[in-house]
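Source file: my_file.pdb. Holds: PDB, C-alpha atoms.
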MODEL        1
ATOM      1  CA  MET A   1     117.459  68.017 104.189
ATOM      2  CA  PRO A   2     120.089  70.679 103.570
ATOM      3  CA  GLY A   3     120.650  73.674 105.842
ATOM      4  CA  TRP A   4     118.253  76.581 106.257
ATOM      5  CA  VAL A   5     119.850  78.916 103.726
ATOM      6  CA  GLU A   6     120.043  76.250 101.026
ATOM      7  CA  THR A   7     116.457  75.121 101.695
ATOM      8  CA  ILE A   8     115.062  78.654 101.422
ATOM      9  CA  LYS A   9     117.203  79.438  98.355
ATOM     10  CA  ARG A  10     115.945  76.336  96.560
ATOM     11  CA  GLY A  11     112.367  77.285  97.409
ATOM     12  CA  VAL A  12     112.817  80.847  96.147
ATOM     13  CA  PHE A  13     114.138  79.540  92.837
ATOM     14  CA  GLY A  14     111.191  77.123  92.541
ATOM     15  CA  ARG A  15     113.132  73.923  93.102
ATOM     16  CA  CYS A  16     112.379  71.114  95.544
ATOM     17  CA  PRO A  17     113.790  72.194  98.914
ATOM     18  CA  SER A  18     114.830  68.634  99.692
ATOM     19  CA  CYS A  19     116.708  67.525  96.567
ATOM     20  CA  GLY A  20     116.948  70.740  94.536
ATOM     21  CA  THR A  21     116.557  69.053  91.154
ATOM     22  CA  THR A  22     112.865  69.148  90.200
ATOM     23  CA  PRO A  23     110.448  72.094  90.153
ATOM     24  CA  ILE A  24     107.965  72.667  92.985
ATOM     25  CA  PHE A  25     105.258  74.198  90.843
ATOM     26  CA  ASP A  26     102.972  72.484  88.347
ATOM     27  CA  GLY A  27     101.806  75.839  86.981
ATOM     28  CA  TYR A  28     102.041  79.403  88.193
ATOM     29  CA  LEU A  29     101.233  78.674  91.869
ATOM     30  CA  LYS A  30      99.928  75.086  91.879
ATOM     31  CA  VAL A  31     102.288  72.841  93.815
ATOM     32  CA  HIS A  32     103.059  69.230  92.904
ATOM     33  CA  ASP A  33     101.672  66.761  95.441
ATOM     34  CA  LYS A  34     105.069  65.081  95.776
ATOM     35  CA  CYS A  35     108.505  65.813  94.421
ATOM     36  CA  LEU A  36     109.020  63.955  91.154
ATOM     37  CA  ASN A  37     112.558  62.979  92.185
ATOM     38  CA  CYS A  38     112.688  62.415  95.964
ATOM     39  CA  SER A  39     108.946  62.103  96.814
ATOM     40  CA  ALA A  40     109.043  64.944  99.366
ATOM     41  CA  PRO A  41     105.442  65.827 100.382
ATOM     42  CA  LEU A  42     105.275  69.275  98.768
ATOM     43  CA  GLY A  43     101.479  69.348  98.448
ATOM     44  CA  ASP A  44     100.986  68.758 102.181
ATOM     45  CA  MET A  45     102.607  72.059 103.177
ATOM     46  CA  PRO A  46     100.027  74.622 104.416
ATOM     47  CA  ALA A  47     101.438  77.637 102.543
ATOM     48  CA  ASP A  48      98.145  79.532 102.404
ATOM     49  CA  ASP A  49      98.327  83.071 103.794
ATOM     50  CA  ALA A  50     102.011  83.743 104.461
ATOM     51  CA  PRO A  51     103.251  84.086 100.834
ATOM     52  CA  PRO A  52     100.887  86.956  99.880
ATOM     53  CA  TYR A  53     101.827  88.883 103.029
ATOM     54  CA  ILE A  54     105.548  88.400 102.388
ATOM     55  CA  ALA A  55     105.196  89.404  98.731
ATOM     56  CA  MET A  56     103.197  92.528  99.609
ATOM     57  CA  LEU A  57     105.674  93.487 102.332
ATOM     58  CA  VAL A  58     108.614  93.306  99.934
ATOM     59  CA  VAL A  59     106.962  94.925  96.905
ATOM     60  CA  LEU A  60     105.254  97.707  98.835
ATOM     61  CA  HIS A  61     108.582  98.738 100.368
ATOM     62  CA  PHE A  62     109.899  99.308  96.840
ATOM     63  CA  LEU A  63     106.713 101.173  95.941
ATOM     64  CA  ALA A  64     107.060 103.405  98.998
ATOM     65  CA  LEU A  65     110.655 104.188  98.015
ATOM     66  CA  PHE A  66     109.591 105.286  94.532
ATOM     67  CA  LEU A  67     106.691 107.336  95.871
ATOM     68  CA  VAL A  68     108.957 109.179  98.260
ATOM     69  CA  VAL A  69     111.536 109.837  95.528
ATOM     70  CA  PHE A  70     108.894 111.005  93.030
ATOM     71  CA  TYR A  71     106.876 113.279  95.259
ATOM     72  CA  ARG A  72     109.687 114.652  97.422
ATOM     73  CA  GLY A  73     111.680 115.474  94.322
ATOM     74  CA  GLY A  74     108.821 117.391  92.750
ATOM     75  CA  TYR A  75     108.252 114.873  89.956
ATOM     76  CA  ARG A  76     104.582 114.143  89.274
ATOM     77  CA  PRO A  77     104.186 111.176  86.910
ATOM     78  CA  GLY A  78     101.568 111.589  84.201
ATOM     79  CA  LEU A  79      98.828 109.156  83.284
ATOM     80  CA  VAL A  80     101.001 107.047  80.964
ATOM     81  CA  MET A  81     103.854 106.821  83.457
ATOM     82  CA  SER A  82     101.437 105.963  86.271
ATOM     83  CA  GLY A  83      99.952 103.187  84.142
ATOM     84  CA  PHE A  84     103.409 101.860  83.358
ATOM     85  CA  LEU A  85     104.383 101.905  87.042
ATOM     86  CA  LEU A  86     101.155 100.105  87.920
ATOM     87  CA  LEU A  87     101.967  97.393  85.369
ATOM     88  CA  VAL A  88     105.487  97.031  86.760
ATOM     89  CA  LEU A  89     104.065  96.831  90.286
ATOM     90  CA  ALA A  90     101.653  94.068  89.239
ATOM     91  CA  LEU A  91     104.451  92.070  87.589
ATOM     92  CA  LEU A  92     106.663  92.489  90.667
ATOM     93  CA  CYS A  93     103.827  91.266  92.884
ATOM     94  CA  MET A  94     103.335  88.194  90.699
ATOM     95  CA  ALA A  95     107.033  87.331  90.721
ATOM     96  CA  ALA A  96     107.398  87.972  94.454
ATOM     97  CA  LEU A  97     104.334  85.845  95.239
ATOM     98  CA  ARG A  98     105.775  82.813  93.459
ATOM     99  CA  MET A  99     109.176  83.226  95.112
ATOM    100  CA  ALA A 100     107.625  83.745  98.557
ATOM    101  CA  LYS A 101     105.441  80.659  98.173
ATOM    102  CA  GLY A 102     108.485  78.569  97.267
ATOM    103  CA  ALA A 103     110.398  79.903 100.274
ATOM    104  CA  VAL A 104     107.486  79.227 102.640
ATOM    105  CA  ILE A 105     107.144  75.678 101.311
ATOM    106  CA  GLY A 106     110.861  75.168 101.927
ATOM    107  CA  ILE A 107     110.582  76.491 105.488
ATOM    108  CA  LEU A 108     107.535  74.344 106.245
ATOM    109  CA  LEU A 109     109.194  71.252 104.783
ATOM    110  CA  LYS A 110     112.302  71.901 106.880
ATOM    111  CA  LEU A 111     110.173  72.317 110.025
ATOM    112  CA  GLY A 112     108.150  69.206 109.200
ATOM    113  CA  LEU A 113     104.780  70.998 109.373
ATOM    114  CA  ARG A 114     102.072  69.312 107.317
ATOM    115  CA  ARG A 115      98.452  69.996 106.551
ATOM    116  CA  GLU A 116      96.096  67.712 108.412
ATOM    117  CA  LYS A 117      94.114  65.349 106.216
ATOM    118  CA  LEU A 118      90.342  65.336 106.513
ATOM    119  CA  ARG A 119      88.811  61.914 106.855
TER     120      ARG A 119
ENDMDL
END
I'd like the structure from this file rewritten - as structure tokens, please.
Amino acid sequence: MPGWVETIKRGVFGRCPSCGTTPIFDGYLKVHDKCLNCSAPLGDMPADDAPPYIAMLVVLHFLALFLVVFYRGGYRPGLVMSGFLLLVLALLCMAALRMAKGAVIGILLKLGLRREKLR
């Protein structure tokens, strides 16, 4: 395994944290069971609740910045602008969720934490 920074960076970009050559995801958020190149156990990582919290934390800080700038500056966005900002916020949440899930999988793989198998 590479160092912490490289492992997290590979996860954020959606690559296997171990080898960095193959993608982690089989779809939007579905994770491959094993890496197609190095057989790292990607599907065994319990990345359940942490990625949404991380994504919301990051995106909502940007939203708070825009709200403060808009309303402190006297600008009141209309219905069309509010709809556009809501669409941008949804797209940012979707992108941040995928990147956060990749980073969490990289961290869990580096720590060696696996999901317990039910018998």
Requested in this report: Report the residues retrieved by the PyMOL selection byres ((chain A and resi 79-90) around 10) from the displayed file, expressed as a ChimeraX atom specification.
Outcome: /A:59-60,62-63,66,76-78,91-96
Report task. Apply the PyMOL selection byres ((chain A and resi 17-26) around 12) to the displayed file and report the matching residues as an MDAnalysis selection string. Result -> chainID A and resid 1:16 27:43 45 98:99 101:112
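Note that atom CA of Leu97 of chain A and atom CA of Pro46 of chain A are 15.1 Å apart.
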Query raised in the report: At what distance in Å, to one decimal, does atom CA of Leu113 of chain A lie from atom CA of Pro52 of chain A?
Result: 19.0 Å
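Here atom CA of Glu116 of chain A stands at a distance of 17.5 Å from atom CA of Ala50 of chain A.
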**Report entry** Residue among A:Ala100, A:Ala47, A:Leu65, A:Ala55 lying closest to Arg115 of chain A, counting only C-alpha atoms
**Finding:** A:Ala47
